[in-house]
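Peer 1: File start-v9.txt below, compact mmCIF, C-alpha atoms and all ligand atoms:
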```
# COMPACT_ATOMS: atom_id res chain seq x y z
CA MET A 4 31.73 -21.89 -0.01
CA GLU A 5 28.04 -21.67 -0.80
CA TYR A 6 26.93 -22.36 -4.36
CA GLN A 7 25.14 -19.74 -6.45
CA ASN A 8 21.37 -20.15 -6.89
CA ALA A 9 21.48 -21.70 -10.37
CA THR A 10 23.93 -24.34 -9.09
CA LYS A 11 21.82 -24.99 -5.98
CA CYS A 12 18.92 -25.91 -8.26
CA ILE A 13 20.95 -28.84 -9.54
CA HIS A 14 23.35 -29.81 -6.73
CA LEU A 15 22.80 -30.16 -3.01
CA GLN A 16 25.97 -29.36 -1.08
CA ASN A 17 27.33 -31.77 1.56
CA ASN A 18 24.77 -34.44 0.90
CA GLU A 19 25.67 -37.91 2.05
CA ASN A 20 22.41 -39.37 0.73
CA VAL A 21 23.65 -38.87 -2.83
CA GLU A 22 26.79 -40.88 -2.00
CA LYS A 23 24.72 -43.63 -0.42
CA ALA A 24 22.68 -43.96 -3.63
CA PHE A 25 25.41 -45.67 -5.72
CA GLY A 26 26.34 -42.30 -7.21
CA ALA A 27 23.04 -42.04 -9.09
CA VAL A 28 23.06 -38.66 -10.83
CA SER A 29 19.28 -38.51 -10.82
CA PHE A 30 18.25 -38.96 -7.19
CA PRO A 31 16.33 -42.26 -6.72
CA ILE A 32 12.63 -42.54 -5.97
CA TYR A 33 12.31 -44.35 -2.63
CA GLN A 34 8.83 -45.71 -3.25
CA THR A 35 8.38 -47.27 0.15
CA ALA A 36 5.87 -46.67 2.94
CA THR A 37 8.04 -47.92 5.77
CA PHE A 38 11.64 -48.74 6.73
CA ALA A 39 12.94 -51.82 8.56
CA HIS A 40 15.12 -51.50 11.65
CA ARG A 41 18.24 -53.60 12.17
CA GLY A 42 17.49 -53.90 15.87
CA VAL A 43 15.80 -52.20 18.78
CA GLY A 44 16.91 -48.59 18.92
CA GLU A 45 18.74 -48.87 15.58
CA SER A 46 16.98 -46.63 13.05
CA THR A 47 18.36 -45.85 9.61
CA GLY A 48 17.05 -42.34 10.21
CA TYR A 49 13.89 -43.27 8.34
CA ASP A 50 10.91 -44.92 10.02
CA TYR A 51 7.75 -44.26 8.04
CA SER A 52 7.29 -42.17 4.90
CA ARG A 53 4.71 -39.85 6.41
CA MET A 54 7.50 -38.60 8.67
CA GLN A 55 10.60 -38.95 6.51
CA ASN A 56 11.36 -40.23 3.04
CA PRO A 57 14.78 -39.87 1.37
CA THR A 58 13.37 -38.55 -1.94
CA ARG A 59 11.19 -35.97 -0.22
CA GLU A 60 14.10 -35.08 2.05
CA GLN A 61 16.36 -34.47 -0.95
CA LEU A 62 13.72 -32.11 -2.35
CA GLU A 63 13.15 -30.40 1.02
CA LYS A 64 16.86 -29.76 1.44
CA THR A 65 17.04 -28.31 -2.07
CA VAL A 66 14.11 -25.94 -1.41
CA ALA A 67 15.56 -24.96 2.00
CA ALA A 68 18.92 -24.17 0.36
CA LEU A 69 17.27 -22.06 -2.35
CA GLU A 70 15.16 -20.14 0.19
CA LYS A 71 18.10 -19.80 2.62
CA GLY A 72 16.18 -21.50 5.42
CA ILE A 73 17.16 -24.25 7.87
CA ASP A 74 14.22 -26.48 6.99
CA ALA A 75 11.63 -26.96 4.25
CA ILE A 76 8.70 -29.37 4.42
CA GLY A 77 7.16 -30.98 1.34
CA PHE A 78 3.35 -30.99 1.44
CA THR A 79 0.80 -32.50 -0.94
CA SER A 80 -0.17 -29.01 -2.18
CA GLY A 81 0.31 -25.33 -1.53
CA MET A 82 -3.04 -25.29 0.25
CA ALA A 83 -1.96 -28.19 2.48
CA ALA A 84 1.11 -26.14 3.45
CA ILE A 85 -1.00 -23.07 4.27
CA SER A 86 -3.54 -25.22 6.18
CA ALA A 87 -0.70 -26.68 8.29
CA VAL A 88 0.57 -23.18 9.07
CA MET A 89 -2.93 -22.24 10.27
CA GLU A 90 -2.60 -25.05 12.87
CA LEU A 91 -0.01 -22.89 14.64
CA PHE A 92 -2.89 -20.71 15.85
CA ALA A 93 -5.56 -21.14 18.51
CA PRO A 94 -9.13 -19.81 18.79
CA GLY A 95 -9.05 -16.07 19.46
CA ASP A 96 -5.75 -15.49 17.65
CA HIS A 97 -5.79 -12.62 15.18
CA VAL A 98 -4.12 -12.80 11.77
CA VAL A 99 -3.71 -9.84 9.42
CA ILE A 100 -4.02 -10.92 5.79
CA ASP A 101 -3.36 -8.89 2.69
CA ALA A 102 -6.46 -7.68 0.86
CA ASP A 103 -5.29 -9.27 -2.42
CA LEU A 104 -4.45 -12.97 -2.18
CA TYR A 105 -4.74 -16.22 -4.11
CA GLY A 106 -8.47 -17.12 -4.04
CA GLY A 107 -7.86 -20.50 -2.42
CA SER A 108 -6.13 -18.84 0.53
CA VAL A 109 -9.07 -16.44 0.96
CA ARG A 110 -11.45 -19.43 0.92
CA LEU A 111 -9.35 -21.27 3.54
CA PHE A 112 -9.13 -18.27 5.87
CA GLN A 113 -12.74 -17.15 5.63
CA ASN A 114 -14.47 -20.54 5.64
CA ILE A 115 -12.22 -23.02 7.45
CA ALA A 116 -9.77 -21.17 9.70
CA ALA A 117 -12.39 -18.60 10.77
CA LYS A 118 -14.72 -21.44 11.78
CA ASN A 119 -11.90 -22.65 14.07
CA GLY A 120 -11.95 -19.31 15.88
CA ILE A 121 -9.10 -17.51 14.13
CA VAL A 122 -9.95 -13.86 13.50
CA PHE A 123 -8.80 -12.19 10.29
CA SER A 124 -8.38 -8.56 9.22
CA ARG A 125 -7.97 -7.73 5.55
CA VAL A 126 -5.50 -4.91 4.99
CA ASP A 127 -4.00 -3.59 1.76
CA LEU A 128 -0.42 -3.97 2.99
CA SER A 129 1.01 -2.34 -0.14
CA ARG A 130 -0.76 0.94 0.72
CA GLU A 131 -2.13 0.94 4.27
CA GLU A 132 -0.27 1.41 7.54
CA ILE A 133 -0.50 -1.90 9.41
CA SER A 134 0.16 -0.64 12.98
CA SER A 135 -3.42 0.48 13.63
CA TYR A 136 -4.69 -3.08 12.93
CA ILE A 137 -2.38 -4.80 15.41
CA THR A 138 -3.90 -5.93 18.71
CA GLU A 139 -2.69 -7.99 21.70
CA GLN A 140 -4.10 -11.04 19.92
CA THR A 141 -2.28 -10.47 16.62
CA LYS A 142 -0.11 -13.53 15.99
CA ALA A 143 0.72 -13.30 12.30
CA VAL A 144 0.69 -11.31 9.06
CA PHE A 145 0.12 -13.27 5.85
CA LEU A 146 0.82 -11.88 2.40
CA GLU A 147 2.05 -12.40 -1.13
CA THR A 148 4.30 -9.95 -2.94
CA PRO A 149 3.64 -9.45 -5.79
CA THR A 150 0.02 -10.44 -5.15
CA ASN A 151 -2.24 -12.72 -7.15
CA PRO A 152 -3.63 -11.31 -9.42
CA MET A 153 -3.27 -7.54 -8.93
CA MET A 154 0.55 -7.51 -8.58
CA HIS A 155 0.62 -5.29 -5.50
CA VAL A 156 4.10 -5.09 -4.02
CA THR A 157 4.82 -4.77 -0.30
CA ASP A 158 8.13 -3.74 1.28
CA LEU A 159 8.97 -6.84 3.35
CA LYS A 160 11.86 -5.25 5.26
CA LYS A 161 9.63 -2.43 6.45
CA LEU A 162 6.89 -4.85 7.44
CA GLY A 163 9.39 -7.04 9.30
CA GLU A 164 10.52 -4.05 11.34
CA ILE A 165 6.96 -3.75 12.64
CA THR A 166 6.23 -7.48 13.19
CA LYS A 167 9.55 -8.66 14.64
CA PRO A 168 9.70 -6.60 17.88
CA ARG A 169 6.07 -7.59 18.55
CA LYS A 170 6.82 -11.31 17.97
CA ILE A 171 4.25 -11.44 15.20
CA LEU A 172 4.99 -14.11 12.59
CA LEU A 173 5.59 -12.72 9.12
CA ILE A 174 4.35 -15.33 6.61
CA VAL A 175 5.07 -14.78 2.93
CA ASP A 176 3.66 -16.82 0.06
CA ASN A 177 6.58 -16.58 -2.37
CA THR A 178 4.99 -18.61 -5.17
CA PHE A 179 4.93 -15.81 -7.77
CA LEU A 180 8.66 -15.09 -7.83
CA SER A 181 10.10 -18.46 -6.71
CA PRO A 182 13.23 -18.60 -4.55
CA TYR A 183 15.28 -17.88 -7.66
CA PHE A 184 14.12 -14.26 -7.70
CA GLN A 185 13.22 -13.52 -4.07
CA ASN A 186 14.13 -14.78 -0.59
CA PRO A 187 11.68 -13.39 2.00
CA LEU A 188 13.47 -15.07 4.95
CA GLU A 189 16.40 -12.74 4.31
CA LEU A 190 14.07 -9.75 4.32
CA GLY A 191 12.48 -10.50 7.69
CA ALA A 192 9.91 -13.22 6.99
CA ASP A 193 9.57 -16.08 9.50
CA ILE A 194 7.77 -18.56 7.25
CA VAL A 195 7.89 -18.80 3.46
CA ILE A 196 5.20 -20.71 1.62
CA HIS A 197 5.27 -22.09 -1.89
CA SER A 198 2.78 -23.72 -4.11
CA GLY A 199 5.40 -26.14 -5.47
CA THR A 200 2.91 -26.87 -8.24
CA LYS A 201 3.95 -23.62 -9.91
CA TYR A 202 7.52 -22.46 -10.71
CA LEU A 203 9.34 -25.02 -8.53
CA ASN A 204 7.84 -27.99 -10.36
CA GLY A 205 7.50 -25.92 -13.51
CA HIS A 206 6.01 -28.57 -15.79
CA ASN A 207 2.35 -28.76 -14.76
CA ASP A 208 2.70 -32.42 -13.86
CA ALA A 209 2.43 -32.52 -10.06
CA ILE A 210 0.74 -30.72 -7.17
CA ALA A 211 3.05 -29.83 -4.28
CA GLY A 212 3.55 -27.28 -1.52
CA PHE A 213 6.24 -26.12 0.91
CA THR A 214 6.84 -24.28 4.14
CA VAL A 215 10.35 -22.97 4.78
CA VAL A 216 11.65 -21.56 8.08
CA LYS A 217 14.91 -20.19 9.49
CA ASP A 218 14.25 -20.82 13.17
CA GLU A 219 14.65 -24.06 15.15
CA GLU A 220 11.51 -23.64 17.28
CA LEU A 221 9.24 -23.01 14.30
CA LYS A 222 10.84 -25.92 12.50
CA GLU A 223 9.94 -28.28 15.36
CA LYS A 224 6.38 -26.95 15.61
CA LEU A 225 5.73 -27.31 11.87
CA ARG A 226 7.40 -30.75 11.67
CA TYR A 227 5.11 -31.89 14.50
CA ILE A 228 1.99 -30.58 12.72
CA PHE A 229 3.21 -32.13 9.46
CA LYS A 230 3.68 -35.65 10.82
CA THR A 231 0.40 -35.40 12.68
CA VAL A 232 -1.93 -34.02 10.01
CA GLY A 233 -0.22 -36.20 7.39
CA SER A 234 -0.33 -34.22 4.15
CA CYS A 235 3.06 -35.52 3.04
CA LEU A 236 4.28 -35.25 -0.54
CA SER A 237 4.65 -38.67 -2.19
CA PRO A 238 8.07 -39.99 -3.26
CA PHE A 239 7.17 -39.82 -6.96
CA ASP A 240 5.78 -36.27 -6.83
CA SER A 241 8.83 -35.29 -4.77
CA TRP A 242 11.02 -36.65 -7.54
CA LEU A 243 9.07 -34.82 -10.27
CA THR A 244 9.45 -31.57 -8.34
CA LEU A 245 13.13 -32.23 -7.71
CA ARG A 246 13.64 -32.78 -11.42
CA GLY A 247 11.66 -29.64 -12.25
CA ILE A 248 13.81 -27.50 -9.94
CA LYS A 249 16.97 -28.48 -11.86
CA THR A 250 15.94 -26.04 -14.60
CA LEU A 251 14.37 -23.37 -12.35
CA ALA A 252 17.07 -20.78 -13.07
CA VAL A 253 16.92 -21.02 -16.87
CA ARG A 254 13.12 -21.23 -16.85
CA MET A 255 12.75 -18.12 -14.67
CA GLU A 256 15.14 -16.12 -16.85
CA LYS A 257 13.47 -17.13 -20.12
CA ALA A 258 9.92 -16.68 -18.80
CA GLN A 259 10.83 -13.21 -17.53
CA GLU A 260 12.38 -12.27 -20.88
CA ASN A 261 9.12 -13.29 -22.59
CA ALA A 262 7.10 -11.43 -19.93
CA PHE A 263 8.88 -8.15 -20.71
CA LEU A 264 8.14 -8.69 -24.40
CA ILE A 265 4.44 -9.35 -23.77
CA ALA A 266 4.01 -6.55 -21.19
CA GLY A 267 5.56 -4.10 -23.67
CA TRP A 268 3.26 -5.29 -26.44
CA LEU A 269 0.14 -5.12 -24.25
CA LYS A 270 0.97 -1.53 -23.31
CA GLU A 271 0.78 -0.53 -26.97
CA GLN A 272 -2.65 -2.05 -27.60
CA GLY A 273 -5.50 0.44 -27.73
CA GLN A 274 -7.94 -2.21 -26.44
CA VAL A 275 -5.85 -2.72 -23.29
CA THR A 276 -6.75 -0.24 -20.56
CA LYS A 277 -4.27 -1.33 -17.87
CA VAL A 278 -1.18 -3.54 -17.60
CA PHE A 279 -0.07 -4.81 -14.20
CA TYR A 280 3.54 -6.02 -14.41
CA PRO A 281 6.00 -5.04 -11.67
CA GLY A 282 8.89 -5.00 -14.15
CA LEU A 283 7.48 -1.85 -15.76
CA PRO A 284 9.08 1.28 -14.26
CA GLU A 285 5.65 2.95 -13.99
CA HIS A 286 4.36 0.10 -11.76
CA PRO A 287 3.89 1.48 -8.22
CA GLY A 288 5.89 -1.43 -6.77
CA TYR A 289 8.82 -1.21 -9.19
CA ASP A 290 11.27 0.54 -6.84
CA ILE A 291 10.55 -1.86 -3.97
CA MET A 292 10.97 -4.84 -6.31
CA LYS A 293 14.33 -3.46 -7.42
CA LYS A 294 15.47 -3.47 -3.80
CA GLN A 295 14.02 -6.72 -2.51
CA SER A 296 14.07 -9.16 -5.43
CA ARG A 297 16.46 -10.20 -8.17
CA GLY A 298 13.81 -10.21 -10.87
CA TYR A 299 10.22 -9.28 -11.64
CA GLY A 300 8.83 -12.68 -12.52
CA ALA A 301 6.64 -13.69 -15.43
CA MET A 302 3.10 -13.05 -14.23
CA ILE A 303 1.14 -10.31 -15.99
CA SER A 304 -2.41 -9.16 -15.35
CA PHE A 305 -4.15 -6.77 -17.72
CA GLU A 306 -7.49 -5.17 -18.24
CA VAL A 307 -9.20 -4.89 -21.61
CA GLU A 308 -11.89 -2.44 -22.69
CA SER A 309 -14.86 -4.82 -22.45
CA PRO A 310 -15.87 -8.20 -20.95
CA GLU A 311 -16.78 -9.29 -24.51
CA LEU A 312 -13.19 -8.76 -25.62
CA ALA A 313 -11.86 -10.61 -22.56
CA LYS A 314 -14.02 -13.62 -23.42
CA ARG A 315 -13.15 -13.41 -27.11
CA ILE A 316 -9.44 -13.53 -26.30
CA LEU A 317 -9.97 -16.60 -24.09
CA ASN A 318 -11.92 -18.33 -26.86
CA LYS A 319 -9.50 -17.45 -29.63
CA VAL A 320 -6.06 -18.17 -28.18
CA ARG A 321 -4.44 -21.28 -29.65
CA LEU A 322 -0.82 -21.45 -28.45
CA LEU A 323 -1.65 -19.83 -25.12
CA GLN A 324 -3.87 -22.21 -23.18
CA PHE A 325 -6.95 -21.08 -21.30
CA ALA A 326 -6.23 -22.80 -18.00
CA GLU A 327 -5.85 -22.19 -14.31
CA SER A 328 -2.44 -22.40 -12.63
CA LEU A 329 0.85 -20.75 -13.40
CA GLY A 330 4.59 -21.11 -13.34
CA GLY A 331 4.96 -23.88 -15.91
CA VAL A 332 6.87 -23.97 -19.18
CA GLU A 333 3.54 -23.54 -21.02
CA THR A 334 2.01 -20.07 -21.28
CA LEU A 335 -1.43 -20.04 -19.65
CA ILE A 336 -4.12 -17.39 -19.70
CA THR A 337 -6.62 -17.20 -16.84
CA TYR A 338 -9.90 -15.41 -16.15
CA PRO A 339 -9.51 -14.73 -12.38
CA ILE A 340 -13.13 -13.75 -11.78
CA MET A 341 -14.35 -17.14 -13.06
CA GLN A 342 -11.38 -19.34 -12.08
CA THR A 343 -8.79 -18.67 -9.37
CA HIS A 344 -10.94 -16.11 -7.53
CA ALA A 345 -14.45 -17.47 -8.18
CA ASP A 346 -15.10 -18.04 -4.45
CA VAL A 347 -13.94 -14.61 -3.25
CA PRO A 348 -16.90 -12.44 -2.12
CA LYS A 349 -18.09 -10.07 -4.87
CA ASP A 350 -17.49 -6.86 -2.90
CA GLU A 351 -13.89 -7.88 -2.20
CA LEU A 352 -13.33 -8.63 -5.89
CA ALA A 353 -14.68 -5.24 -6.93
CA GLU A 354 -12.66 -3.44 -4.26
CA ASN A 355 -9.49 -5.11 -5.57
CA GLY A 356 -10.19 -4.32 -9.21
CA ILE A 357 -10.79 -7.97 -10.16
CA THR A 358 -13.43 -7.34 -12.82
CA ASP A 359 -14.84 -9.23 -15.80
CA ARG A 360 -12.34 -7.29 -17.92
CA LEU A 361 -9.25 -8.62 -16.11
CA LEU A 362 -7.09 -11.38 -17.59
CA ARG A 363 -3.92 -12.93 -16.19
CA ILE A 364 -1.09 -14.51 -18.15
CA SER A 365 1.49 -16.90 -16.75
CA VAL A 366 4.21 -16.47 -19.34
CA GLY A 367 6.03 -19.65 -20.29
CA ILE A 368 9.29 -20.34 -22.08
CA GLU A 369 8.12 -20.74 -25.68
CA ASP A 370 9.64 -18.48 -28.36
CA GLY A 371 8.24 -15.06 -27.43
CA ARG A 372 7.53 -14.24 -31.08
CA ASP A 373 5.06 -17.10 -31.32
CA LEU A 374 3.32 -15.92 -28.15
CA LEU A 375 2.97 -12.39 -29.56
CA LYS A 376 1.61 -13.70 -32.85
CA ASP A 377 -1.01 -15.76 -31.03
CA LEU A 378 -2.06 -12.81 -28.87
CA GLN A 379 -2.23 -10.60 -31.96
CA GLN A 380 -4.61 -12.97 -33.76
CA ALA A 381 -6.72 -13.48 -30.61
CA PHE A 382 -7.10 -9.71 -30.07
CA ASN A 383 -7.98 -9.00 -33.67
CA SER A 384 -10.10 -11.93 -34.78
C1 LIG A 401 -1.63 -21.95 -6.62
C2 LIG A 401 -1.34 -21.10 -5.46
C3 LIG A 401 -1.55 -21.56 -4.16
C4 LIG A 401 -2.14 -22.92 -3.87
O1 LIG A 401 -1.28 -23.95 -4.22
P1 LIG A 401 -1.79 -25.42 -4.69
O2 LIG A 401 -0.52 -26.13 -4.97
O3 LIG A 401 -2.66 -25.21 -5.88
O4 LIG A 401 -2.54 -25.97 -3.54
C5 LIG A 401 -1.21 -20.72 -3.11
N1 LIG A 401 -0.72 -19.48 -3.33
C6 LIG A 401 -0.51 -19.02 -4.57
C7 LIG A 401 0.06 -17.65 -4.75
C8 LIG A 401 -0.81 -19.80 -5.67
O5 LIG A 401 -0.63 -19.32 -6.91
```
Hey, can you dump this file as structure tokens for me?
Peer 2:
Amino acid sequence: MEYQNATKCIHLQNNENVEKAFGAVSFPIYQTATFAHRGVGESTGYDYSRMQNPTREQLEKTVAALEKGIDAIGFTSGMAAISAVMELFAPGDHVVIDADLYGGSVRLFQNIAAKNGIVFSRVDLSREEISSYITEQTKAVFLETPTNPMMHVTDLKKLGEITKPRKILLIVDNTFLSPYFQNPLELGADIVIHSGTKYLNGHNDAIAGFTVVKDEELKEKLRYIFKTVGSCLSPFDSWLTLRGIKTLAVRMEKAQENAFLIAGWLKEQGQVTKVFYPGLPEHPGYDIMKKQSRGYGAMISFEVESPELAKRILNKVRLLQFAESLGGVETLITYPIMQTHADVPKDELAENGITDRLLRISVGIEDGRDLLKDLQQAFNS
């Protein structure tokens, strides 16, 4: 019988590697570059740590189990994972990308992948009909749901019904909800991507990334790219991420509880003009989220009445930290226009509503009352 998600965070089912490790309850760090063979043709299953490493493998199996895939690969960063996925395509291939994406992904697509001959179309998948953008050359659709930072929500099942019969790969960056709240592979996605730096690690102490697939052929293709391009997660960072995942369930629940508290408070502030949190029933994506995920996450974007106020809040917060990144136990507040999305072309920012009045909070697991108090003093000082 398959374990529930919270159990899967802590225990890998049917795992002989745990038994081989003297019963160590915390999985060992195999800090080795290479593995000796007993004789010709006698491998232990491990040859060289770029290809396989027991600590990374333990982590990969845990992420695959949580995402309900057959294979996960541990990369040095989320961007390394997305870059490897781009190697699936050849010059002339067409990829539809969502209009609102993590700024680093936009930079990769527009400046690196495009240079290699891959053609991109930006489409607001939460609102627009995708069919009219699909051509003979269309090989993939890439999106986040909810998106970073505008929290647009796309119906993955509906999208999968369009991509699957046309053999177009549906690629979903699931960083914002983590596998604890959403499993895109079950909703029709072919590849799931994670910045493991965020909720999976959860402690802001390592950079990591993952691809997860449910299909043997894609697994082989990505494994081949992985061992060839070589952006393999180190044993120690694998271990840190593995340890972080043990508490994923409790962290997600607590962060979400705090997020509801903060979203509710923001809504009542006269100086706040808009709150983007998909857990609010008035959010346009709320009904889709209710169907396709088990939670709403802990990311909130909001707009204040003036850029001066936005900057004042960033300067005045004390408990909340003014820092890039998300998904850790610490609550962070970000200025997307100057940080995560600084390299996105200005017209695209404006079109998406990413203005100098927009702030984004990654809600952590502190006592929510302390977070509210800090926001209160930052707003009113
Ligand atoms: C942070 C992030 C990435 C990039 O991951 P890194 O680990 O920083 O390379 C990709 N997608 C989303 C949604 C992110 O938040």
Peer 1: Identify which of the residues A:Phe92, A:Phe213, A:Tyr33, A:Phe325 lies closest to Phe239 of chain A, counting only C-alpha atoms when measuring atom-to-atom distances.
Peer 2: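 Of A:Phe92, A:Phe213, A:Tyr33, A:Phe325, the one nearest Phe239 of chain A, counting only C-alpha atoms, is A:Tyr33.
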Peer 1: Which centre and which edge lengths, in Å to one decimal, describe the axis-aligned box that holds all listed atoms of ligand LIG 401 (chain A) after 6 Å is added on each side, as lines of an AutoDock Vina configuration file?
Peer 2:
```
center_x = -1.3
center_y = -21.9
center_z = -5.0
size_x = 14.7
size_y = 20.5
size_z = 15.8
```
Peer 1: With all atoms listed in the file as the atoms that count, which of A:Ala143, A:Ala117, A:Leu352, A:Met153 lies nearest to ligand LIG 401 (chain A)?
Peer 2: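 Of all the options, A:Met153 lies closest to ligand LIG 401 (chain A).
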Peer 1: Would you work out the distance separating atom CA of Ser328 of chain A from atom O2 of ligand LIG 401 (chain A), expressed in Å to one decimal?
Peer 2: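 Going from atom CA of Ser328 of chain A over to atom O2 of ligand LIG 401 (chain A) covers 8.7 Å.
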Peer 1: Ranking A:Glu351, A:Glu139, A:Glu256, A:Asp193 by minimum distance to Val88 of chain A and counting all atoms listed in the file, which one comes first?
Peer 2: A:Asp193
Peer 1: Here is a test: counting only C-alpha atoms and all ligand atoms, which residue of A:Lys376, A:Arg110, A:Arg360, A:His197 is nearest to ligand LIG 401 (chain A)?
Peer 2: A:His197
Peer 1: Would you mind telling me which residue in A:Leu361, A:Leu172, A:Val320, A:Met302 lies nearest to ligand LIG 401 (chain A) when using all atoms listed in the file?
Peer 2: A:Met302
Peer 1: Pick from A:Glu147, A:Asp359, A:Asp290, A:Asp377: nearest to ligand LIG 401 (chain A), with all atoms listed in the file counted?
Peer 2: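 Of A:Glu147, A:Asp359, A:Asp290, A:Asp377, the one nearest ligand LIG 401 (chain A), counting all atoms listed in the file, is A:Glu147.
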Peer 1: Show me a table, sorted first by chain and then by increasing residue number, of the residues of chain A having an atom at most 8 Å from ligand LIG 401 (chain A), each with its shortest atom pair and the distance in Å to one decimal, counting all atoms listed in the file and written as a tab-separated table.
Peer 2:
```
residue	atom	partner	partner_atom	distance
A:Thr79	CA	A:LIG401	O2	7.7
A:Ser80	CA	A:LIG401	O2	4.0
A:Gly81	CA	A:LIG401	O1	3.4
A:Met82	CA	A:LIG401	O4	3.9
A:Ala83	CA	A:LIG401	O4	6.4
A:Ala84	CA	A:LIG401	O4	7.9
A:Ile85	CA	A:LIG401	C5	7.7
A:Leu104	CA	A:LIG401	C7	7.0
A:Tyr105	CA	A:LIG401	C7	5.0
A:Gly107	CA	A:LIG401	C4	6.4
A:Ser108	CA	A:LIG401	C5	6.4
A:Glu147	CA	A:LIG401	C7	6.7
A:Thr150	CA	A:LIG401	C7	7.2
A:Asn151	CA	A:LIG401	C7	5.9
A:Asp176	CA	A:LIG401	C7	6.1
A:Asn177	CA	A:LIG401	C7	7.0
A:Thr178	CA	A:LIG401	C7	5.0
A:Phe179	CA	A:LIG401	C7	6.0
A:Ile196	CA	A:LIG401	N1	7.8
A:His197	CA	A:LIG401	N1	6.7
A:Ser198	CA	A:LIG401	O1	4.1
A:Gly199	CA	A:LIG401	O2	5.9
A:Thr200	CA	A:LIG401	O2	4.8
A:Lys201	CA	A:LIG401	C1	6.7
A:Ile210	CA	A:LIG401	O2	5.2
A:Ala211	CA	A:LIG401	O2	5.2
A:Gly212	CA	A:LIG401	O2	5.5
A:Ser328	CA	A:LIG401	C1	6.1
A:Leu329	CA	A:LIG401	O5	6.8
```
Peer 1: In Å, how far is it from atom CA of Leu190 of chain A to atom CA of Val253 of chain A?
Peer 2: 24.2 Å
Peer 1: Which neighbours of Arg315 of chain A fall inside 8 Å, counting only C-alpha atoms, when residues of the same chain fewer than 3 positions from it are skipped, and could you give them as an MDAnalysis selection string?
Peer 2: chainID A and resid 311:312 318:319 381:382
Peer 1: Using all atoms listed in the file, determine which residues lie at most 10 Å from segment 264-270 of chain A, disregarding the query and same-chain residues fewer than 4 positions distant; provide the list as a PyMOL selection string.
Peer 2: chain A and resi 258-260+274-283+301-307+364+366+371-372+374-375+378-379
Peer 1: Can you write out the residues you just picked, keeping C-alpha atoms, as a compact mmCIF listing (two decimals), keeping the file's coordinate frame?
Peer 2:
```txt
# COMPACT_ATOMS: atom_id res chain seq x y z
CA ALA A 258 9.92 -16.68 -18.80
CA GLN A 259 10.83 -13.21 -17.53
CA GLU A 260 12.38 -12.27 -20.88
CA GLN A 274 -7.94 -2.21 -26.44
CA VAL A 275 -5.85 -2.72 -23.29
CA THR A 276 -6.75 -0.24 -20.56
CA LYS A 277 -4.27 -1.33 -17.87
CA VAL A 278 -1.18 -3.54 -17.60
CA PHE A 279 -0.07 -4.81 -14.20
CA TYR A 280 3.54 -6.02 -14.41
CA PRO A 281 6.00 -5.04 -11.67
CA GLY A 282 8.89 -5.00 -14.15
CA LEU A 283 7.48 -1.85 -15.76
CA ALA A 301 6.64 -13.69 -15.43
CA MET A 302 3.10 -13.05 -14.23
CA ILE A 303 1.14 -10.31 -15.99
CA SER A 304 -2.41 -9.16 -15.35
CA PHE A 305 -4.15 -6.77 -17.72
CA GLU A 306 -7.49 -5.17 -18.24
CA VAL A 307 -9.20 -4.89 -21.61
CA ILE A 364 -1.09 -14.51 -18.15
CA VAL A 366 4.21 -16.47 -19.34
CA GLY A 371 8.24 -15.06 -27.43
CA ARG A 372 7.53 -14.24 -31.08
CA LEU A 374 3.32 -15.92 -28.15
CA LEU A 375 2.97 -12.39 -29.56
CA LEU A 378 -2.06 -12.81 -28.87
CA GLN A 379 -2.23 -10.60 -31.96
```
Peer 1: To one decimal in Å, tell me the separation between atom CA of Ala67 of chain A and atom CA of Ile174 of chain A.
Peer 2: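 Answer for the atom CA of Ala67 of chain A to atom CA of Ile174 of chain A separation: 15.5 Å.
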Peer 1: Can you find the residues with an atom no farther than 9 Å from (-4.7, -8.6, 16.2), counting all atoms listed in the file, and report them as a PyMOL selection string?
Peer 2: chain A and resi 96-99+122-124+136-143
Peer 1: List the residues sitting within 8 Å of (11.8, -12.9, 4.8) in the file's frame, using all atoms listed in the file, as a ChimeraX atom specification.
Peer 2: /A:159-160,163,173,175,186-195
Peer 1: When you look at Asn17 of chain A with a cut-off of 12 Å (counting all atoms listed in the file), what residues show up, excluding the ones that are within fewer than 3 positions of it in the same chain? I need them as an MDAnalysis selection string.
Peer 2: chainID A and resid 4:6 11 14 20:22 61 64:65 68
Peer 1: Which residues, written as a PyMOL selection string, have at least one atom at most 12 Å from segment 39-50 of chain A, with all atoms listed in the file counted and residues fewer than 6 positions away on the same chain left out?
Peer 2: chain A and resi 20+33+56-60+230
